[in-house]
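One structure is given below, encoded as structure tokens.
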Amino acid sequence: MSTSTRPANVRVDRVACEMVITWQDGTDCRYPFDGLRAICPCVECRGGHAHMGGPPDKEILFSTPATDLSVENVQAVGSYAIQFQWSDGHWTGIYTWDYLRQACR
């Protein structure tokens with residue numbers, strides 16, 4: 001994993017409804033909760049295994065309208081990803097650091 005895809009700091013801001021990652025290369029990226037939920041990389045959200053592994057859709061990430069969605073829990077998945085438990089009950093998406101770095105504008 002290169003320094004551009006390794007987080008130096010990860011902050012879940014429940015007030016602003018966003019996750020903020022500062023990458024080791026110094027880049028700051030903000031990810032709105034509703035957008036993250038909309039680009040969930042799990043097989044259920046992607047519509048089957050044939051659609052897995054593609055890049056994140058930045059347009060959807062940053063244009064999804066805000067709702068009352070919130071993060072109930074967040075946890076690290078090894079040293080390569082993060083997983084959210086959303087207030088809508090969904091929890092199976094594993095967001096790798098590579099996936100999130102690709103989603104940064």
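Chain labels follow the order of the structure tokens: the first chain is A, the next B, and so on; residue numbering restarts at 1 in every chain, and ligands are counted from 1 in their shown order.
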Long-range neighbours of Tyr99 (chain A) as an MDAnalysis selection string, 9 Å cut-off, only C-alpha atoms, 2 positions minimum in chain | chainID A and resid 5 41 54:56 81 95:97 101:103
Backbone-only DSSP, helix (DSSP H, G or I) members of chain A, as a ChimeraX atom specification | /A:3-5,33-38,43-46,49-51,58-63,97-103
Can those selected residues be exported to a file as a PDB file, in the first residue's frame so that it contains C-alpha atoms?
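Writing the result to result29.pdb gives the following:
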ATOM      1  CA  THR A   3       1.453   6.432   1.150  1.00  0.00           C
ATOM      2  CA  SER A   4      -1.274   7.913  -1.061  1.00  0.00           C
ATOM      3  CA  THR A   5      -3.610   5.050  -0.089  1.00  0.00           C
ATOM      4  CA  PHE A  33     -22.543   9.785   4.778  1.00  0.00           C
ATOM      5  CA  ASP A  34     -25.400   9.596   2.272  1.00  0.00           C
ATOM      6  CA  GLY A  35     -22.941   9.414  -0.606  1.00  0.00           C
ATOM      7  CA  LEU A  36     -20.893   6.704   1.093  1.00  0.00           C
ATOM      8  CA  ARG A  37     -24.024   4.665   1.673  1.00  0.00           C
ATOM      9  CA  ALA A  38     -25.033   5.179  -1.982  1.00  0.00           C
ATOM     10  CA  VAL A  43     -22.383  -7.513  -3.352  1.00  0.00           C
ATOM     11  CA  GLU A  44     -25.986  -6.727  -2.381  1.00  0.00           C
ATOM     12  CA  CYS A  45     -25.669  -3.039  -3.249  1.00  0.00           C
ATOM     13  CA  ARG A  46     -23.606  -3.689  -6.387  1.00  0.00           C
ATOM     14  CA  HIS A  49     -20.642 -10.618  -7.931  1.00  0.00           C
ATOM     15  CA  ALA A  50     -20.319  -9.706 -11.612  1.00  0.00           C
ATOM     16  CA  HIS A  51     -20.405  -6.000 -10.660  1.00  0.00           C
ATOM     17  CA  LYS A  58     -17.750  10.021  -7.551  1.00  0.00           C
ATOM     18  CA  GLU A  59     -20.794  11.708  -9.068  1.00  0.00           C
ATOM     19  CA  ILE A  60     -23.136   9.609  -6.936  1.00  0.00           C
ATOM     20  CA  LEU A  61     -20.917  10.033  -3.874  1.00  0.00           C
ATOM     21  CA  PHE A  62     -21.034  13.819  -4.009  1.00  0.00           C
ATOM     22  CA  SER A  63     -24.511  14.400  -5.484  1.00  0.00           C
ATOM     23  CA  TRP A  97      -8.574   2.409   1.676  1.00  0.00           C
ATOM     24  CA  ASP A  98      -7.876   2.060  -2.060  1.00  0.00           C
ATOM     25  CA  TYR A  99     -11.602   2.417  -2.849  1.00  0.00           C
ATOM     26  CA  LEU A 100     -11.935   5.490  -0.640  1.00  0.00           C
ATOM     27  CA  ARG A 101      -8.790   7.089  -2.056  1.00  0.00           C
ATOM     28  CA  GLN A 102     -10.168   6.610  -5.578  1.00  0.00           C
ATOM     29  CA  ALA A 103     -13.392   8.303  -4.452  1.00  0.00           C
TER      30      ALA A 103
END
Using only C-alpha atoms, which residues sit within 12 Å of Asn73 (chain A) once same-chain residues fewer than 4 positions away are excluded, as an mmCIF file with N, CA and C atoms, in the first residue's frame?
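To be explicit, this is the file written out as part36.cif:
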data_model
loop_
_atom_site.group_PDB
_atom_site.id
_atom_site.type_symbol
_atom_site.label_atom_id
_atom_site.label_comp_id
_atom_site.auth_asym_id
_atom_site.auth_seq_id
_atom_site.Cartn_x
_atom_site.Cartn_y
_atom_site.Cartn_z
ATOM 1 N N VAL A 12 -14.829 10.390 11.900
ATOM 2 C CA VAL A 12 -16.239 10.319 11.549
ATOM 3 C C VAL A 12 -16.931 11.460 12.291
ATOM 4 N N ARG A 14 -20.149 13.034 13.117
ATOM 5 C CA ARG A 14 -21.585 12.765 13.125
ATOM 6 C C ARG A 14 -22.412 14.044 13.041
ATOM 7 N N ILE A 82 -12.451 -0.068 6.175
ATOM 8 C CA ILE A 82 -13.335 0.404 7.236
ATOM 9 C C ILE A 82 -14.745 -0.077 6.909
ATOM 10 N N GLN A 83 -15.534 -0.334 7.949
ATOM 11 C CA GLN A 83 -16.897 -0.827 7.760
ATOM 12 C C GLN A 83 -17.842 -0.020 8.629
ATOM 13 N N PHE A 84 -18.973 0.352 8.050
ATOM 14 C CA PHE A 84 -19.979 1.147 8.747
ATOM 15 C C PHE A 84 -21.199 0.302 9.059
ATOM 16 N N GLN A 85 -21.834 0.611 10.163
ATOM 17 C CA GLN A 85 -23.190 0.135 10.414
ATOM 18 C C GLN A 85 -24.062 1.375 10.306
ATOM 19 N N TRP A 86 -24.928 1.393 9.292
ATOM 20 C CA TRP A 86 -25.760 2.560 8.996
ATOM 21 C C TRP A 86 -27.070 2.496 9.765
ATOM 22 N N SER A 87 -27.683 3.640 9.972
ATOM 23 C CA SER A 87 -28.956 3.702 10.701
ATOM 24 C C SER A 87 -30.098 3.025 9.950
ATOM 25 N N ASP A 88 -29.917 2.736 8.655
ATOM 26 C CA ASP A 88 -30.944 1.999 7.910
ATOM 27 C C ASP A 88 -30.794 0.489 8.075
ATOM 28 N N GLY A 89 -29.854 0.057 8.934
ATOM 29 C CA GLY A 89 -29.651 -1.349 9.224
ATOM 30 C C GLY A 89 -28.596 -2.030 8.366
ATOM 31 N N HIS A 90 -28.114 -1.371 7.336
ATOM 32 C CA HIS A 90 -27.120 -1.982 6.451
ATOM 33 C C HIS A 90 -25.744 -1.949 7.114
ATOM 34 N N TRP A 91 -24.976 -3.043 6.932
ATOM 35 C CA TRP A 91 -23.664 -3.106 7.579
ATOM 36 C C TRP A 91 -22.640 -3.943 6.829
#
In Å, how far is it from CA of Thr64 (chain A) to CA of Asp13 (chain A)?
->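 Spanning CA of Thr64 (chain A) to CA of Asp13 (chain A) is a straight-line distance of 17.7 Å.
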Nearest candidate to Asp57 (chain A) (options A:Val77, A:Ile94, A:Arg105, A:Gln24; using only C-alpha atoms) =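 Ranking A:Val77, A:Ile94, A:Arg105, A:Gln24 by distance to Asp57 (chain A), first place goes to A:Arg105.
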Got a sec to tell me which of chain A DSSP assigns to strand (DSSP E or B), as a PyMOL selection string?
-> chain A and resi 7-13+18-23+28-32+71-77+81-86+94-96
How many Å lie between CA of Glu18 (chain A) and CA of Ser79 (chain A), rounded to one decimal?
-> 21.0 Å
